[in-house]
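Input: a single structure, listed below in structure tokens.
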Amino acid sequence: SQELEQSPQSLIVQEGKNLTINCTSSKTLYGLYWYKQKYGEGLIFLMMLQKGGEEKSHEKITAKLDEKKQQSSLHITASQPSHAGIYLCGADIAPRSSSNTGKLIFGQGTTLQVKP
Amino acid sequence: GAVVSQHPSWVICKSGTSVKIECRSLDFQATTMFWYRQFPKQSLMLMATSNEGSKATYEQGVEKDKFLINHASLTLSTLTVTSAHPEDSSFYICSARTTGTYNSPLHFGNGTRLTVT
């Protein structure tokens, strides 16, 4: 079973519309990271959230981590074709320690298409 | 800053041969690097954690003799796919975090597309 569930798996929106992608875990998240990927390329870091209730914004993208630190959302306002790609959430599911090297697990990704 | 370079970006090899993929942190040191594998339209699956100067830690189900990892310096980790078979065809991607900064994101290379014929 997937430790990090992302929804929806794919999304097609008209340019200018808002959209939200969710990332849910059954375990406490000690760090939540949002990345964007173009097919066949590397991951581009978007935002990192660590505290319950934390919210960060960059340009038209806002990410939130809920108070319980088990769910995060990524919201895009007034979407543009440049927002198209695969969005992945990654998470630390254990606190950092000498035995935890900081590896991340990832959700299955959300493919976003933005129609001009 | 925090650039991770991966080489080659794509490789085609014949079944039974070995392929080496390099991952370099260009402007920072990384005692730990992570190797992921990604199948089409699927998520990233962690294969192993590469530790500078010591043995790699492999995830359950990943054959360590099949996927050899060497992390000889603070800026270079290599993944060698030995005796490659068509089922090894995949997108391999490495990542690293600046040494000593636990509360920072992983930085990813651009990946290597491996096709085994």
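Letters A, B, ... go to the chains of the structure tokens in the order shown; residues in each chain start at 1; ligands are counted from 1 in the same order.
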Just list the residues in chain B DSSP gives strand (DSSP E) on the backbone, as a ChimeraX atom specification. /B:4-7,10-13,19-25,32-38,44-51,57-58,67-73,76-81,90-96,107-108,112-116
Report as a tab-separated table the residues of chain A within 6 Å of chain B, each with its shortest atom pair and distance in Å (one decimal), using only C-alpha atoms, ordered by chain and increasing residue number.
```
residue	atom	partner	partner_atom	distance
A:Glu41	CA	B:Asn110	CA	5.1
A:Gly42	CA	B:Asn110	CA	3.8
A:Leu43	CA	B:Phe108	CA	5.8
A:Gln108	CA	B:Ser43	CA	4.2
```
Please provide the set of residues having any atom within 12 Å of Val114 (chain A), restricted to only C-alpha atoms, with same-chain residues fewer than 5 positions apart removed, written as a count of residues only. 20
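Of the residues under consideration (A:Thr77, A:Ile44, A:Glu54, A:Cys23), A:Ile44 shows the shortest atom-to-atom contact distance to Ala2 (chain B) when counting only C-alpha atoms.
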Would you compute the distance between CA of Leu49 (chain A) and CA of Gln113 (chain A)? Give it in Å to one decimal.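 Taking CA of Leu49 (chain A) as the start and CA of Gln113 (chain A) as the end point, the length is 25.0 Å.
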Near-Ser57 (chain A) list (10 Å; only C-alpha atoms; drop same-chain fewer than 5 positions) as a list in words: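 Counting only the stated atoms, we get Leu46, Met47, Thr62, Ala63, Lys64, Leu74, His75 and Ile76 of chain A.
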Excluding same-chain residues fewer than 4 positions from Arg24 (chain B), what lies within 6 Å of it counting only C-alpha atoms, as a PyMOL selection string? chain B and resi 4-5+75-76
Considering only C-alpha atoms, return as a list of chain:residue names whatever protein or nucleic-acid residues lie within 9 Å of Glu67 (chain A), sequence-local ones (same chain, fewer than 4 positions apart) excluded. A:Lys51, A:Gly52, A:Gly53, A:Glu54, A:Gln71
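Counting only C-alpha atoms, the residue from A:Cys89, A:Phe45, A:Pro95, A:Gly102 that sits nearest to Ser72 (chain A) is A:Cys89.
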Nearest residue to His85 (chain B) out of B:Val62, B:Leu114, B:Cys23, B:Ala30, using only C-alpha atoms?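 Closest residue, counting only C-alpha atoms: B:Leu114.
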